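Scroll down for the structure; my scribbles are underneath it.
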Amino acid sequence: MAPRPRWWHTLMEARRQACVAIDFYNRSGDKRSYLDFVVHMHLAWQNLLHADFSRRGVNIYYRDARGRYVKGKDGQRRSWELQHCLKEEFGDSDPVRANVEFFIGLRNKIEHRFEAALLVATAAHVHALVINFDAELVGRFGHEHSLADELRFPVFVQSFTPAGMAEQRKLRRGISAAARTYITNFEGALDQSVRDDERFVYRIQLSPMKGSTSEADLAVTFVREEELTEADLVRIRGEAKTGTVVIAEKLRDVALMDELLPAQATLAIAAQLPFKFNQSHFTTLRKQHGVRPENGEPPEKTERKYCIYSAPHRNYLYTPAYIRKCVSELDTPEKFRSVFGKDPDPREDDTSASGLS
């Protein structure tokens, strides 16, 4: 059996760090450590992005002005820190990036005596951090690497009682002044659409349900509303105890700032490649990536990290993260050949693109 590539081991470390982080978070009493959760999730995200960069052939090491590798005190080459990885991979207004950056800055504001208060105050941010990590893990490397089989639903007791709810509110008010100022300033600088996005804060509400002891405690089935007939909807609504969840596609208002039309995206990619790249190449590439649905499918079902559907204009816009992704996959003749099956043509002085994709 051939040895595993280096990126695979980095990926396994990312999964391990995430599991360690979640274990620290879910421990009870004094065994719980919010700081350890934040530190290990930081390492999990960094390893995840490093693994994907390495798999795609992206150089993740810093170079100086002369092109030489920058080395640390230990003599090893300095790799990109998490903040740099996020800038390379996500757009400035991406909620996933904002969520991870929130914890990067919060890390130095955590004081042991205020950990319990911070844990309550940032619970929705924590949920988003973990859910986003697993979504990126699956999106980049496949469902077989999901953390779903590693994690279990935690058991709570206190917060479901009136006294427990009051205690939670008291804890929330008890965070340090430095942490409170940081959270207020960080969220205040974000666009409203980012603050409201579930990828930045993932709020949940748990409601106890009464049922006979012969029924399953938790049996949940997820189905899409668009895939159900009227008869199915009537039947499901009458089966409250079975725990069937109907998913309705939610259209979000997005502040479109840095996104590009297909022709503009083509030019942006072409400007960063040493050879010819045209509209035909772009269309082929985005079909391979599957970042937007094909004609006849619901147009809003895009991979929002890379592509956004603008309902008022009825067109697709591509994000800076997608431009970077395309460039990183095509920036050498070998990579270009592996994608398109032929050698690239020399770059022309006048690169033009037109049409829609």
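To be explicit about the labels: the chains of the structure tokens are called A, B, and onward in the order shown, and within each one the residues are counted from 1, while ligands get numbers from 1 in the order they are shown.
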Could you give me, as an mmCIF file with N, CA and C atoms, in the first residue's frame, the residues within 6 Å of Tyr306 of chain A, counting only C-alpha atoms and dropping anything in the same chain fewer than 3 positions from it?
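Resulting contents of part.cif:
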data_model
loop_
_atom_site.group_PDB
_atom_site.id
_atom_site.type_symbol
_atom_site.label_atom_id
_atom_site.label_comp_id
_atom_site.auth_asym_id
_atom_site.auth_seq_id
_atom_site.Cartn_x
_atom_site.Cartn_y
_atom_site.Cartn_z
ATOM 1 N N GLU A 303 -22.863 27.282 -3.867
ATOM 2 C CA GLU A 303 -21.884 27.135 -2.794
ATOM 3 C C GLU A 303 -21.470 28.548 -2.418
ATOM 4 N N TYR A 318 -19.346 35.772 -8.534
ATOM 5 C CA TYR A 318 -18.299 34.914 -7.994
ATOM 6 C C TYR A 318 -17.429 35.692 -7.007
ATOM 7 N N THR A 319 -17.083 35.049 -5.909
ATOM 8 C CA THR A 319 -16.411 35.719 -4.800
ATOM 9 C C THR A 319 -14.897 35.759 -4.993
ATOM 10 N N TYR A 322 -13.316 32.452 -4.641
ATOM 11 C CA TYR A 322 -13.355 31.570 -5.808
ATOM 12 C C TYR A 322 -12.262 31.945 -6.811
#
Quiz item: Could you work out how far atom CA of Leu147 of chain A lies from atom CA of His112 of chain A, giving the answer in Å with one decimal?
Solution: 28.3 Å
Quiz prompt | strand (DSSP E or B) per DSSP on the backbone: members of segment 266-325 of chain A, as JSON, numbers by chain | solution = {"A": [275, 307, 308, 309, 310, 315, 316, 317, 318]}
Just N, CA and C atoms for this one: save the residues we selected as a short mmCIF file (atom, residue, chain, number, x, y, z; two decimals), in the first residue's frame.
data_model
loop_
_atom_site.label_atom_id
_atom_site.label_comp_id
_atom_site.auth_asym_id
_atom_site.auth_seq_id
_atom_site.Cartn_x
_atom_site.Cartn_y
_atom_site.Cartn_z
N PHE A 275 -0.40 32.35 -18.47
CA PHE A 275 -0.81 31.89 -19.79
C PHE A 275 -2.27 32.23 -20.03
N CYS A 307 -19.87 31.37 -4.78
CA CYS A 307 -20.80 31.91 -5.77
C CYS A 307 -22.10 32.35 -5.10
N ILE A 308 -22.64 33.48 -5.54
CA ILE A 308 -23.87 34.03 -4.97
C ILE A 308 -24.84 34.33 -6.10
N TYR A 309 -26.10 33.97 -5.89
CA TYR A 309 -27.12 34.29 -6.88
C TYR A 309 -27.78 35.61 -6.52
N SER A 310 -27.81 36.54 -7.46
CA SER A 310 -28.46 37.83 -7.26
C SER A 310 -29.85 37.77 -7.87
N ASN A 315 -28.63 36.87 -11.98
CA ASN A 315 -27.33 36.41 -12.45
C ASN A 315 -26.51 35.89 -11.28
N TYR A 316 -25.39 35.26 -11.62
CA TYR A 316 -24.50 34.69 -10.61
C TYR A 316 -23.26 35.56 -10.47
N LEU A 317 -22.82 35.70 -9.23
CA LEU A 317 -21.63 36.48 -8.94
C LEU A 317 -20.62 35.57 -8.23
N TYR A 318 -19.35 35.77 -8.53
CA TYR A 318 -18.30 34.91 -7.99
C TYR A 318 -17.43 35.69 -7.01
#
Quiz item: Distance atom CA of Tyr62 of chain A-atom CA of Leu106 of chain A, one decimal place?
Solution: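 Separating atom CA of Tyr62 of chain A from atom CA of Leu106 of chain A is a distance of 25.3 Å.
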